[in-house]
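Asker: See model_36.cif below, with mmCIF, C-alpha atoms (C1' of nucleotides).
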data_entry
loop_
_atom_site.label_atom_id
_atom_site.label_comp_id
_atom_site.auth_asym_id
_atom_site.auth_seq_id
_atom_site.Cartn_x
_atom_site.Cartn_y
_atom_site.Cartn_z
CA MET R 556 0.00 0.00 0.00
CA PRO R 557 1.70 3.17 -1.16
CA GLN R 558 -0.30 5.71 0.91
CA ASN R 559 -0.05 3.73 4.09
CA HIS R 560 1.06 6.72 6.10
CA ILE R 561 -1.92 8.73 4.87
CA ARG R 562 -4.22 6.00 6.12
CA LEU R 563 -2.42 5.83 9.45
CA ASP R 564 -2.59 9.62 9.77
CA LEU R 565 -6.34 9.54 9.24
CA VAL R 566 -6.85 6.79 11.75
CA ALA R 567 -4.52 8.50 14.22
CA ASN R 568 -6.60 11.62 13.81
CA ILE R 569 -9.71 9.74 14.84
CA PHE R 570 -8.04 8.47 17.99
CA LYS R 571 -6.50 11.86 18.74
CA ALA R 572 -9.99 13.31 18.57
CA LEU R 573 -11.13 10.72 21.11
CA GLY R 574 -8.15 11.33 23.35
CA HIS R 575 -9.54 14.05 25.57
CA PRO R 576 -11.85 13.65 28.57
CA ILE R 577 -14.12 16.51 27.55
CA ARG R 578 -14.55 15.06 24.09
CA LEU R 579 -15.36 11.66 25.58
CA GLY R 580 -17.91 13.38 27.79
CA ILE R 581 -19.46 14.96 24.71
CA LEU R 582 -19.64 11.58 23.05
CA GLU R 583 -21.41 10.08 26.05
CA ILE R 584 -23.88 12.94 26.15
CA LEU R 585 -24.62 12.57 22.47
CA GLY R 586 -24.92 8.81 22.41
CA THR R 587 -27.23 8.06 19.52
CA ARG R 588 -29.20 11.31 19.66
CA GLU R 589 -28.43 14.71 18.34
CA LYS R 590 -27.98 17.60 20.75
CA CYS R 591 -27.45 21.30 20.28
CA VAL R 592 -24.26 22.95 21.48
CA CYS R 593 -26.19 24.64 24.26
CA ASP R 594 -27.38 21.28 25.62
CA ILE R 595 -23.84 19.95 25.68
CA VAL R 596 -22.52 23.10 27.30
CA SER R 597 -25.07 22.97 30.07
CA ALA R 598 -24.67 19.23 30.61
CA LEU R 599 -20.91 19.60 31.01
CA GLN R 600 -21.08 22.99 32.72
CA ALA R 601 -18.27 24.15 30.50
CA ASP R 602 -17.30 27.17 28.46
CA THR R 603 -19.14 27.49 25.15
CA SER R 604 -16.15 28.39 23.02
CA ASN R 605 -14.17 25.57 24.52
CA ILE R 606 -16.92 23.06 23.74
CA SER R 607 -17.30 24.50 20.28
CA LYS R 608 -13.63 23.87 19.58
CA HIS R 609 -13.81 20.33 20.90
CA LEU R 610 -16.82 19.72 18.69
CA SER R 611 -14.97 20.93 15.64
CA VAL R 612 -12.04 18.63 16.41
CA MET R 613 -14.40 15.66 16.40
CA LYS R 614 -16.20 16.90 13.33
CA ASN R 615 -12.92 17.26 11.43
CA ALA R 616 -11.95 13.74 12.42
CA GLY R 617 -15.21 12.48 10.91
CA ILE R 618 -16.71 11.40 14.21
CA LEU R 619 -19.49 13.98 14.40
CA GLY R 620 -21.81 15.59 11.92
CA ASP R 621 -23.75 18.78 12.43
CA ARG R 622 -26.89 20.47 11.24
CA LYS R 623 -28.07 24.00 11.75
CA GLU R 624 -31.66 24.76 12.65
CA GLY R 625 -32.48 28.37 13.38
CA LEU R 626 -30.00 29.68 15.86
CA LYS R 627 -29.00 26.28 17.08
CA VAL R 628 -26.44 23.82 15.75
CA TYR R 629 -27.16 20.16 16.40
CA TYR R 630 -24.34 17.64 16.55
CA ARG R 631 -24.63 13.91 16.24
CA VAL R 632 -22.31 10.90 16.10
CA ILE R 633 -21.81 9.77 12.51
CA MET R 634 -19.11 7.19 13.28
CA PRO R 635 -21.09 4.65 15.30
CA CYS R 636 -18.12 2.48 16.15
CA ALA R 637 -16.64 5.40 18.08
CA LEU R 638 -19.29 4.74 20.71
CA ASN R 639 -18.21 1.10 20.90
CA PHE R 640 -14.60 2.14 21.31
CA VAL R 641 -15.38 4.28 24.30
CA ASP R 642 -17.42 1.53 25.85
CA CYS R 643 -14.74 -1.08 25.35
CA ALA R 644 -11.88 1.19 26.35
CA GLY R 645 -13.82 2.08 29.49
CA LYS R 646 -14.01 -1.59 30.44
CA ALA R 647 -10.36 -2.12 29.58
CA ALA R 648 -9.44 0.86 31.76
CA LEU R 649 -11.49 -0.49 34.64
CA SER R 650 -9.96 -3.93 34.42
CA ALA R 651 -6.50 -2.37 34.26
CA ILE R 652 -7.32 -0.58 37.51
CA GLU R 653 -8.50 -3.88 38.99
CA ASP R 654 -5.31 -5.64 37.93
CA ARG R 655 -3.22 -2.93 39.52
CA ARG R 656 -5.21 -3.15 42.72
CA GLU R 657 -4.73 -6.93 42.85
CA ALA R 658 -1.04 -6.55 42.10
CA LEU R 659 -0.65 -4.07 44.96
CA ALA R 660 -2.70 -6.24 47.31
CA GLY R 661 -0.50 -9.17 46.37
CA MET Y 1232 -20.44 8.08 39.60
CA PRO Y 1233 -18.17 10.29 41.68
CA GLN Y 1234 -14.85 9.58 39.94
CA ASN Y 1235 -16.23 9.99 36.47
CA HIS Y 1236 -13.44 12.29 35.40
CA ILE Y 1237 -10.83 9.78 36.54
CA ARG Y 1238 -12.47 7.15 34.36
CA LEU Y 1239 -12.64 9.55 31.41
CA ASP Y 1240 -8.99 10.49 31.91
CA LEU Y 1241 -7.98 6.84 31.80
CA VAL Y 1242 -9.99 6.19 28.68
CA ALA Y 1243 -8.72 9.37 27.07
CA ASN Y 1244 -5.22 8.17 27.82
CA ILE Y 1245 -5.85 4.97 25.91
CA PHE Y 1246 -7.04 6.89 22.86
CA LYS Y 1247 -4.23 9.41 23.13
CA ALA Y 1248 -1.82 6.49 23.05
CA LEU Y 1249 -3.49 5.28 19.86
CA GLY Y 1250 -3.46 8.74 18.30
CA HIS Y 1251 -0.13 8.64 16.54
CA PRO Y 1252 0.69 7.02 13.19
CA ILE Y 1253 3.91 5.45 14.43
CA ARG Y 1254 2.11 3.89 17.38
CA LEU Y 1255 -0.58 2.55 15.07
CA GLY Y 1256 2.17 1.12 12.91
CA ILE Y 1257 3.64 -0.59 15.96
CA LEU Y 1258 0.24 -2.04 16.80
CA GLU Y 1259 -0.14 -3.44 13.29
CA ILE Y 1260 3.32 -4.97 13.42
CA LEU Y 1261 2.62 -6.56 16.76
CA GLY Y 1262 -0.82 -7.88 15.97
CA THR Y 1263 -1.28 -10.89 18.20
CA ARG Y 1264 2.39 -11.83 18.44
CA GLU Y 1265 5.14 -10.46 20.59
CA LYS Y 1266 8.11 -8.75 18.96
CA CYS Y 1267 11.32 -7.34 20.31
CA VAL Y 1268 12.10 -3.64 20.02
CA CYS Y 1269 14.72 -4.39 17.39
CA ASP Y 1270 12.15 -6.12 15.18
CA ILE Y 1271 9.82 -3.14 15.39
CA VAL Y 1272 12.63 -0.69 14.72
CA SER Y 1273 13.74 -2.52 11.63
CA ALA Y 1274 10.18 -3.04 10.35
CA LEU Y 1275 9.44 0.67 10.66
CA GLN Y 1276 12.94 1.80 9.73
CA ALA Y 1277 12.83 4.28 12.56
CA ASP Y 1278 15.05 5.57 15.34
CA THR Y 1279 15.40 3.20 18.29
CA SER Y 1280 14.96 5.79 21.01
CA ASN Y 1281 11.93 7.21 19.27
CA ILE Y 1282 10.30 3.77 19.05
CA SER Y 1283 11.24 3.04 22.62
CA LYS Y 1284 9.38 6.14 23.76
CA HIS Y 1285 6.32 5.32 21.69
CA LEU Y 1286 6.34 1.84 23.21
CA SER Y 1287 6.41 3.23 26.70
CA VAL Y 1288 3.47 5.53 25.95
CA MET Y 1289 1.41 2.52 24.91
CA LYS Y 1290 2.64 0.49 27.86
CA ASN Y 1291 1.66 3.24 30.30
CA ALA Y 1292 -1.80 3.43 28.74
CA GLY Y 1293 -2.22 -0.30 29.39
CA ILE Y 1294 -2.22 -1.26 25.73
CA LEU Y 1295 1.08 -3.13 25.65
CA GLY Y 1296 2.90 -5.41 28.03
CA ASP Y 1297 6.58 -6.29 27.92
CA ARG Y 1298 8.94 -9.03 28.93
CA LYS Y 1299 12.69 -9.07 29.03
CA GLU Y 1300 14.64 -12.05 27.72
CA GLY Y 1301 18.38 -11.69 27.71
CA LEU Y 1302 19.28 -8.47 25.96
CA LYS Y 1303 15.97 -8.19 24.19
CA VAL Y 1304 12.68 -6.72 25.36
CA TYR Y 1305 9.56 -8.24 23.85
CA TYR Y 1306 6.36 -6.23 23.59
CA ARG Y 1307 2.88 -7.59 23.03
CA VAL Y 1308 -0.67 -6.25 22.89
CA ILE Y 1309 -2.45 -6.86 26.19
CA MET Y 1310 -5.59 -4.89 25.31
CA PRO Y 1311 -7.04 -6.97 22.50
CA CYS Y 1312 -9.86 -4.59 21.69
CA ALA Y 1313 -7.26 -1.97 20.72
CA LEU Y 1314 -6.65 -4.07 17.63
CA ASN Y 1315 -10.35 -4.00 16.83
CA PHE Y 1316 -10.42 -0.23 17.23
CA VAL Y 1317 -7.69 0.26 14.71
CA ASP Y 1318 -9.39 -2.05 12.29
CA CYS Y 1319 -12.73 -0.35 12.63
CA ALA Y 1320 -11.33 3.17 12.61
CA GLY Y 1321 -9.39 2.26 9.48
CA LYS Y 1322 -12.60 1.30 7.73
CA ALA Y 1323 -14.35 4.41 9.01
CA ALA Y 1324 -11.50 6.55 7.71
CA LEU Y 1325 -11.64 4.87 4.31
CA SER Y 1326 -15.36 5.35 3.98
CA ALA Y 1327 -14.97 8.99 5.02
CA ILE Y 1328 -12.50 9.37 2.16
CA GLU Y 1329 -14.97 7.71 -0.19
CA ASP Y 1330 -17.76 10.03 0.93
CA ARG Y 1331 -15.58 13.04 0.34
CA ARG Y 1332 -14.61 11.79 -3.11
CA GLU Y 1333 -18.27 11.28 -4.01
CA ALA Y 1334 -19.16 14.69 -2.65
CA LEU Y 1335 -16.45 16.29 -4.80
CA ALA Y 1336 -17.44 14.30 -7.85
CA GLY Y 1337 -21.04 15.39 -7.31
"C1'" DA F 1167 -32.36 49.56 11.59
"C1'" DT F 1168 -31.24 47.65 16.88
"C1'" DA F 1169 -31.18 44.08 20.18
"C1'" DC F 1170 -30.75 39.50 21.56
"C1'" DT F 1171 -29.30 34.53 21.37
"C1'" DA F 1172 -26.38 30.66 19.71
"C1'" DT F 1173 -22.31 29.56 17.98
"C1'" DT F 1174 -17.69 30.11 15.84
"C1'" DT F 1175 -13.28 32.20 15.28
"C1'" DG F 1176 -8.98 34.88 16.33
"C1'" DA F 1177 -5.36 36.10 19.35
"C1'" DC F 1178 -2.96 34.94 22.85
"C1'" DT F 1179 -0.49 32.17 26.77
"C1'" DA F 1180 0.33 27.87 28.97
"C1'" DA F 1181 1.06 23.17 28.77
"C1'" DA F 1182 1.78 18.75 26.53
"C1'" DT F 1183 3.89 16.03 22.91
"C1'" DA F 1184 7.30 14.63 19.44
"C1'" DG F 1185 11.94 14.10 17.58
"C1'" DT F 1186 16.87 13.93 18.13
"C1'" DC F 1187 21.16 13.06 20.09
"C1'" DA F 1188 24.05 12.02 23.88
"C1'" DA F 1189 24.47 9.44 27.90
"C1'" DG F 1190 23.07 5.68 30.89
"C1'" DT F 1191 21.63 0.85 32.15
"C1'" DA F 1192 21.56 -4.07 31.74
"C1'" DG F 1193 22.74 -8.47 30.07
"C1'" DG F 1194 25.91 -11.55 27.35
"C1'" DA F 1195 30.54 -12.82 25.42
"C1'" DC F 1196 35.43 -12.79 26.13
"C1'" DG O 40 37.51 -6.66 34.43
"C1'" DT O 41 36.47 -4.78 28.85
"C1'" DC O 42 33.60 -4.80 24.93
"C1'" DC O 43 29.47 -5.25 22.50
"C1'" DT O 44 24.48 -5.27 21.80
"C1'" DA O 45 19.62 -3.97 23.05
"C1'" DC O 46 17.20 -0.82 25.04
"C1'" DT O 47 15.88 3.29 28.01
"C1'" DT O 48 16.36 7.87 29.77
"C1'" DG O 49 17.65 12.83 30.06
"C1'" DA O 50 18.13 17.21 28.00
"C1'" DC O 51 16.90 19.96 24.75
"C1'" DT O 52 14.18 22.34 20.76
"C1'" DA O 53 10.25 22.46 17.85
"C1'" DT O 54 5.59 21.67 17.17
"C1'" DT O 55 0.96 20.86 18.62
"C1'" DT O 56 -2.78 21.22 21.61
"C1'" DA O 57 -5.73 23.33 25.27
"C1'" DG O 58 -8.03 27.10 27.63
"C1'" DT O 59 -9.64 31.78 27.88
"C1'" DC O 60 -11.45 35.99 26.52
"C1'" DA O 61 -12.80 39.26 23.14
"C1'" DA O 62 -14.63 39.82 18.70
"C1'" DA O 63 -17.16 38.16 14.81
"C1'" DT O 64 -20.94 35.70 12.49
"C1'" DA O 65 -25.58 34.14 11.75
"C1'" DG O 66 -30.25 33.82 12.67
"C1'" DT O 67 -34.52 35.66 15.05
"C1'" DA O 68 -37.46 39.19 16.75
"C1'" DT O 69 -39.03 43.97 17.12
#
For the file at hand, write its structure as structure tokens.
Answerer:
Amino acid sequence: MPQNHIRLDLVANIFKALGHPIRLGILEILGTREKCVCDIVSALQADTSNISKHLSVMKNAGILGDRKEGLKVYYRVIMPCALNFVDCAGKAALSAIEDRREALAG
Amino acid sequence: MPQNHIRLDLVANIFKALGHPIRLGILEILGTREKCVCDIVSALQADTSNISKHLSVMKNAGILGDRKEGLKVYYRVIMPCALNFVDCAGKAALSAIEDRREALAG
DNA sequence: ATACTATTTGACTAAATAGTCAAGTAGGAC
DNA sequence: GTCCTACTTGACTATTTAGTCAAATAGTAT
């Protein structure tokens, strides 16, 4: 494959976009429904411009899509497997914590 | 859940560790087998200290485990679903490229 | 036109990450 | 002990990313 590094860059970009706790929080809030920016902001009690930038990171990575209706912009997950990732990584993280606890307990 | 942000930080850390093309390359080289650092370095034709640092990022995130045998250190994937992620994100990235191509073609 | 709301963008600083090279550690051979 | 190989770490610079605040944009209402 000649453009292997292009492919890896794209995939890396997806994971980079998932690699921030606020963005994971956004993903959990969205789930399978669309939400406007204002809903996300109030759910996370965060700064609007900050959330807006996180949303655009995920949109650029191809994880989210958006739609404008009146004054509001609605975002939704358009890469369904991203939700699976978070789920599975969450379990992996938890079991890693468990393993560490067991290791410390001996 | 009181320690929600701790959980999200851990998960974010996993994705951050996947969010680099070289680290994805390492993951593809490893697959389900263990390889020594020297094998990875020669497969990727990269700098040893650079690869060593990428390996430790993935190890700290809980994605890789390692084992020393003589002079060599063998790394392996200990978070199997990470391999699925890469696979699925790769397909998602490809279909995003397709969509863009179609959109441009009209 | 003004005023108001929802969202994005620009400018900036602070912090994290990546790459490189030199130096350090650890194990094996002699 | 010395030397060599495999790997890791430290120091450093360059680049990227994150957060914040002010300003800009876009739509609605009056």
Asker: Against chain R, which residues of chain O fall within 10 Å? For each one I want the closest pair of atoms and the distance in Å (one decimal), counting only C-alpha atoms (C1' of nucleotides), rows by chain and increasing residue number, as CSV.
Answerer:
residue,atom,partner,partner_atom,distance
O:DA57,C1',R:Asn605,CA,8.8
O:DG58,C1',R:Asn605,CA,7.1
O:DT59,C1',R:Asn605,CA,8.4
O:DC60,C1',R:Ser604,CA,9.6
O:DA65,C1',R:Leu626,CA,7.5
O:DG66,C1',R:Leu626,CA,5.2
O:DT67,C1',R:Leu626,CA,7.5
Asker: Any chance you can output those residues with C-alpha atoms (C1' of nucleotides) as an mmCIF file, keeping the file's coordinate frame?
Answerer:
data_model
loop_
_atom_site.group_PDB
_atom_site.id
_atom_site.type_symbol
_atom_site.label_atom_id
_atom_site.label_comp_id
_atom_site.auth_asym_id
_atom_site.auth_seq_id
_atom_site.Cartn_x
_atom_site.Cartn_y
_atom_site.Cartn_z
ATOM 1 C "C1'" DA O 57 -5.730 23.330 25.270
ATOM 2 C "C1'" DG O 58 -8.030 27.100 27.630
ATOM 3 C "C1'" DT O 59 -9.640 31.780 27.880
ATOM 4 C "C1'" DC O 60 -11.450 35.990 26.520
ATOM 5 C "C1'" DA O 65 -25.580 34.140 11.750
ATOM 6 C "C1'" DG O 66 -30.250 33.820 12.670
ATOM 7 C "C1'" DT O 67 -34.520 35.660 15.050
#
Asker: Would you tabulate, counting all atoms listed in the file, all residues of chain R that have an atom at most 9 Å from an atom of chain Y, showing the closest pair of atoms and their distance in Å to one decimal, sorted by chain then ascending number, as JSON lines?
Answerer:
{"residue": "R:His560", "atom": "CA", "partner": "Y:Pro1252", "partner_atom": "CA", "distance": 7.1}
{"residue": "R:Ile561", "atom": "CA", "partner": "Y:Pro1252", "partner_atom": "CA", "distance": 8.9}
{"residue": "R:Arg562", "atom": "CA", "partner": "Y:Gly1321", "partner_atom": "CA", "distance": 7.2}
{"residue": "R:Leu563", "atom": "CA", "partner": "Y:Pro1252", "partner_atom": "CA", "distance": 5.0}
{"residue": "R:Asp564", "atom": "CA", "partner": "Y:Pro1252", "partner_atom": "CA", "distance": 5.4}
{"residue": "R:Leu565", "atom": "CA", "partner": "Y:Ala1324", "partner_atom": "CA", "distance": 6.2}
{"residue": "R:Val566", "atom": "CA", "partner": "Y:Gly1321", "partner_atom": "CA", "distance": 5.7}
{"residue": "R:Ala567", "atom": "CA", "partner": "Y:Gly1250", "partner_atom": "CA", "distance": 4.2}
{"residue": "R:Asn568", "atom": "CA", "partner": "Y:Gly1250", "partner_atom": "CA", "distance": 6.2}
{"residue": "R:Ile569", "atom": "CA", "partner": "Y:Ala1320", "partner_atom": "CA", "distance": 7.1}
{"residue": "R:Phe570", "atom": "CA", "partner": "Y:Gly1250", "partner_atom": "CA", "distance": 4.6}
{"residue": "R:Lys571", "atom": "CA", "partner": "Y:Gly1250", "partner_atom": "CA", "distance": 4.4}
{"residue": "R:Ala572", "atom": "CA", "partner": "Y:Gly1250", "partner_atom": "CA", "distance": 8.0}
{"residue": "R:Leu573", "atom": "CA", "partner": "Y:Phe1246", "partner_atom": "CA", "distance": 5.9}
{"residue": "R:Gly574", "atom": "CA", "partner": "Y:Ala1243", "partner_atom": "CA", "distance": 4.2}
{"residue": "R:His575", "atom": "CA", "partner": "Y:Ala1243", "partner_atom": "CA", "distance": 5.0}
{"residue": "R:Pro576", "atom": "CA", "partner": "Y:Leu1239", "partner_atom": "CA", "distance": 5.0}
{"residue": "R:Ile577", "atom": "CA", "partner": "Y:Leu1239", "partner_atom": "CA", "distance": 8.1}
{"residue": "R:Arg578", "atom": "CA", "partner": "Y:Ala1243", "partner_atom": "CA", "distance": 8.7}
{"residue": "R:Leu579", "atom": "CA", "partner": "Y:Leu1239", "partner_atom": "CA", "distance": 6.8}
{"residue": "R:Gly580", "atom": "CA", "partner": "Y:Leu1239", "partner_atom": "CA", "distance": 7.5}
{"residue": "R:Ala616", "atom": "CA", "partner": "Y:Ala1324", "partner_atom": "CA", "distance": 8.6}
{"residue": "R:Gly617", "atom": "CA", "partner": "Y:Ala1327", "partner_atom": "CA", "distance": 6.9}
{"residue": "R:Met634", "atom": "CA", "partner": "Y:Ala1323", "partner_atom": "CA", "distance": 7.0}
{"residue": "R:Cys636", "atom": "CA", "partner": "Y:Cys1319", "partner_atom": "CA", "distance": 7.0}
{"residue": "R:Ala637", "atom": "CA", "partner": "Y:Ala1320", "partner_atom": "CA", "distance": 7.9}
{"residue": "R:Asn639", "atom": "CA", "partner": "Y:Phe1316", "partner_atom": "CA", "distance": 8.7}
{"residue": "R:Phe640", "atom": "CA", "partner": "Y:Phe1316", "partner_atom": "CA", "distance": 6.3}
{"residue": "R:Val641", "atom": "CA", "partner": "Y:Val1242", "partner_atom": "CA", "distance": 7.2}
{"residue": "R:Cys643", "atom": "CA", "partner": "Y:Cys1312", "partner_atom": "CA", "distance": 7.0}
{"residue": "R:Ala644", "atom": "CA", "partner": "Y:Val1242", "partner_atom": "CA", "distance": 5.8}
{"residue": "R:Gly645", "atom": "CA", "partner": "Y:Val1242", "partner_atom": "CA", "distance": 5.7}
{"residue": "R:Lys646", "atom": "CA", "partner": "Y:Val1242", "partner_atom": "CA", "distance": 8.9}
{"residue": "R:Ala647", "atom": "CA", "partner": "Y:Met1310", "partner_atom": "CA", "distance": 7.0}
{"residue": "R:Ala648", "atom": "CA", "partner": "Y:Leu1241", "partner_atom": "CA", "distance": 6.2}
{"residue": "R:Leu649", "atom": "CA", "partner": "Y:Arg1238", "partner_atom": "CA", "distance": 7.7}
{"residue": "R:Ala651", "atom": "CA", "partner": "Y:Gly1293", "partner_atom": "CA", "distance": 6.8}
Asker: Could you work out how far atom CA of Leu585 of chain R lies from atom CA of Leu599 of chain R, giving the answer in Å with one decimal?
Answerer: 11.7 Å
Asker: Between F:DA1172, F:DA1195, F:DA1177, F:DA1184, which is the closest to chain R once you count all atoms listed in the file?
Answerer: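 Smallest separation from chain R among the options: F:DA1172.
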Asker: Please determine, counting only C-alpha atoms (C1' of nucleotides), which residue among O:DC51, O:DA68, O:DC42, O:DA62 has the shortest atom-to-atom distance to DA1188 of chain F.
Answerer: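 Counting only C-alpha atoms (C1' of nucleotides), the residue closest to DA1188 of chain F is O:DC51.
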Asker: Could you tell me how far atom C1' of DT41 of chain O lies from atom C1' of DA1189 of chain F, in Å and to one decimal?
Answerer: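 Between these atoms lies a distance of 18.6 Å.
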Asker: Report the distance between atom CA of Tyr1305 of chain Y and atom CA of Asp1270 of chain Y in Å, rounded to one decimal place.
Answerer: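 Interatomic distance here is 9.3 Å.
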Asker: As a ChimeraX atom specification, could you give me every residue of chain F near chain R (at most 8 Å apart, counting all atoms listed in the file)?
Answerer: /F:1171-1174
Asker: Superimpose chain R on chain Y so that the squared distances between all in-order C-alpha pairs are minimised, and send the result as a short mmCIF file (atom, residue, chain, number, x, y, z; two decimals) with C-alpha atoms, in the coordinates of the input.
Answerer:
data_model
loop_
_atom_site.label_atom_id
_atom_site.label_comp_id
_atom_site.auth_asym_id
_atom_site.auth_seq_id
_atom_site.Cartn_x
_atom_site.Cartn_y
_atom_site.Cartn_z
CA MET R 556 -20.40 8.19 39.55
CA PRO R 557 -18.14 10.38 41.64
CA GLN R 558 -14.81 9.65 39.89
CA ASN R 559 -16.22 10.05 36.43
CA HIS R 560 -13.43 12.33 35.34
CA ILE R 561 -10.83 9.81 36.49
CA ARG R 562 -12.47 7.19 34.31
CA LEU R 563 -12.64 9.57 31.36
CA ASP R 564 -8.98 10.50 31.87
CA LEU R 565 -7.99 6.84 31.75
CA VAL R 566 -10.00 6.18 28.65
CA ALA R 567 -8.71 9.36 27.03
CA ASN R 568 -5.21 8.16 27.78
CA ILE R 569 -5.84 4.97 25.87
CA PHE R 570 -7.03 6.88 22.83
CA LYS R 571 -4.21 9.40 23.11
CA ALA R 572 -1.80 6.49 23.03
CA LEU R 573 -3.46 5.28 19.83
CA GLY R 574 -3.44 8.73 18.29
CA HIS R 575 -0.10 8.64 16.53
CA PRO R 576 0.73 7.03 13.18
CA ILE R 577 3.94 5.45 14.43
CA ARG R 578 2.15 3.89 17.37
CA LEU R 579 -0.54 2.54 15.05
CA GLY R 580 2.22 1.10 12.90
CA ILE R 581 3.67 -0.60 15.96
CA LEU R 582 0.28 -2.05 16.78
CA GLU R 583 -0.08 -3.45 13.27
CA ILE R 584 3.37 -4.97 13.41
CA LEU R 585 2.65 -6.58 16.75
CA GLY R 586 -0.79 -7.88 15.93
CA THR R 587 -1.26 -10.89 18.17
CA ARG R 588 2.42 -11.83 18.44
CA GLU R 589 5.15 -10.48 20.58
CA LYS R 590 8.12 -8.75 18.98
CA CYS R 591 11.34 -7.36 20.33
CA VAL R 592 12.10 -3.66 20.06
CA CYS R 593 14.74 -4.40 17.45
CA ASP R 594 12.18 -6.12 15.21
CA ILE R 595 9.85 -3.15 15.42
CA VAL R 596 12.66 -0.71 14.78
CA SER R 597 13.78 -2.53 11.67
CA ALA R 598 10.24 -3.04 10.39
CA LEU R 599 9.50 0.67 10.69
CA GLN R 600 13.01 1.80 9.77
CA ALA R 601 12.87 4.26 12.62
CA ASP R 602 15.06 5.54 15.41
CA THR R 603 15.39 3.17 18.36
CA SER R 604 14.96 5.75 21.09
CA ASN R 605 11.95 7.18 19.35
CA ILE R 606 10.32 3.75 19.10
CA SER R 607 11.22 3.02 22.68
CA LYS R 608 9.38 6.14 23.81
CA HIS R 609 6.34 5.31 21.72
CA LEU R 610 6.33 1.84 23.23
CA SER R 611 6.39 3.23 26.73
CA VAL R 612 3.46 5.52 25.95
CA MET R 613 1.40 2.51 24.92
CA LYS R 614 2.62 0.48 27.86
CA ASN R 615 1.63 3.24 30.30
CA ALA R 616 -1.80 3.41 28.72
CA GLY R 617 -2.23 -0.31 29.37
CA ILE R 618 -2.24 -1.29 25.71
CA LEU R 619 1.07 -3.16 25.65
CA GLY R 620 2.88 -5.44 28.02
CA ASP R 621 6.55 -6.29 27.92
CA ARG R 622 8.91 -9.04 28.93
CA LYS R 623 12.66 -9.08 29.04
CA GLU R 624 14.63 -12.05 27.76
CA GLY R 625 18.38 -11.68 27.72
CA LEU R 626 19.26 -8.46 26.03
CA LYS R 627 15.96 -8.17 24.26
CA VAL R 628 12.65 -6.72 25.41
CA TYR R 629 9.55 -8.24 23.86
CA TYR R 630 6.34 -6.25 23.61
CA ARG R 631 2.89 -7.59 23.04
CA VAL R 632 -0.67 -6.26 22.88
CA ILE R 633 -2.47 -6.88 26.16
CA MET R 634 -5.60 -4.88 25.29
CA PRO R 635 -7.04 -6.97 22.46
CA CYS R 636 -9.84 -4.59 21.64
CA ALA R 637 -7.25 -1.99 20.67
CA LEU R 638 -6.62 -4.08 17.57
CA ASN R 639 -10.33 -4.00 16.75
CA PHE R 640 -10.40 -0.25 17.17
CA VAL R 641 -7.66 0.25 14.65
CA ASP R 642 -9.36 -2.06 12.22
CA CYS R 643 -12.71 -0.36 12.55
CA ALA R 644 -11.30 3.15 12.55
CA GLY R 645 -9.35 2.26 9.42
CA LYS R 646 -12.58 1.30 7.66
CA ALA R 647 -14.34 4.39 8.96
CA ALA R 648 -11.47 6.54 7.67
CA LEU R 649 -11.63 4.89 4.27
CA SER R 650 -15.36 5.34 3.97
CA ALA R 651 -14.99 8.97 5.03
CA ILE R 652 -12.53 9.40 2.17
CA GLU R 653 -15.02 7.73 -0.18
CA ASP R 654 -17.82 10.01 0.97
CA ARG R 655 -15.66 13.05 0.37
CA ARG R 656 -14.73 11.83 -3.07
CA GLU R 657 -18.40 11.29 -3.96
CA ALA R 658 -19.30 14.69 -2.56
CA LEU R 659 -16.63 16.35 -4.70
CA ALA R 660 -17.65 14.36 -7.77
CA GLY R 661 -21.23 15.42 -7.16
#
Asker: Could you expand the PyMOL selection byres ((chain F and resi 1167) around 12) into the explicit residues it covers here, written as a list in words?
Answerer: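 That selection, the PyMOL selection byres ((chain F and resi 1167) around 12), comes back as DT1168 and DA1169 of chain F; DT69 of chain O.
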Asker: For Leu1314 of chain Y, find every residue with an atom within 9 Å (counting only C-alpha atoms (C1' of nucleotides)), except residues of its own chain fewer than 6 positions away, and show them as a count of residues only.
Answerer: 5
Asker: Going by the chain IDs and residue numbers used in this file, which residues fall under the PyMOL selection byres ((chain F and resi 1191) around 8)? Write them as a list of chain:residue names.
Answerer: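 Output from the PyMOL selection byres ((chain F and resi 1191) around 8), applied to this file: F:DG1190, F:DA1192, O:DT47.
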Asker: Can you rebuild segment 1288-1294 of chain Y with N, CA and C atoms and give it as an mmCIF file, in the coordinates of the input?
Answerer:
data_model
loop_
_atom_site.group_PDB
_atom_site.id
_atom_site.type_symbol
_atom_site.label_atom_id
_atom_site.label_comp_id
_atom_site.auth_asym_id
_atom_site.auth_seq_id
_atom_site.Cartn_x
_atom_site.Cartn_y
_atom_site.Cartn_z
ATOM 1 N N VAL Y 1288 4.769 4.845 25.899
ATOM 2 C CA VAL Y 1288 3.470 5.530 25.950
ATOM 3 C C VAL Y 1288 2.341 4.499 25.918
ATOM 4 N N MET Y 1289 2.460 3.531 25.024
ATOM 5 C CA MET Y 1289 1.410 2.520 24.910
ATOM 6 C C MET Y 1289 1.394 1.580 26.108
ATOM 7 N N LYS Y 1290 2.570 1.327 26.655
ATOM 8 C CA LYS Y 1290 2.640 0.490 27.860
ATOM 9 C C LYS Y 1290 1.966 1.196 29.031
ATOM 10 N N ASN Y 1291 2.258 2.486 29.192
ATOM 11 C CA ASN Y 1291 1.660 3.240 30.300
ATOM 12 C C ASN Y 1291 0.141 3.341 30.172
ATOM 13 N N ALA Y 1292 -0.348 3.351 28.940
ATOM 14 C CA ALA Y 1292 -1.800 3.430 28.740
ATOM 15 C C ALA Y 1292 -2.469 2.085 28.972
ATOM 16 N N GLY Y 1293 -1.661 1.022 29.146
ATOM 17 C CA GLY Y 1293 -2.220 -0.300 29.390
ATOM 18 C C GLY Y 1293 -2.496 -1.083 28.121
ATOM 19 N N ILE Y 1294 -1.968 -0.580 26.994
ATOM 20 C CA ILE Y 1294 -2.220 -1.260 25.730
ATOM 21 C C ILE Y 1294 -1.215 -2.382 25.500
#
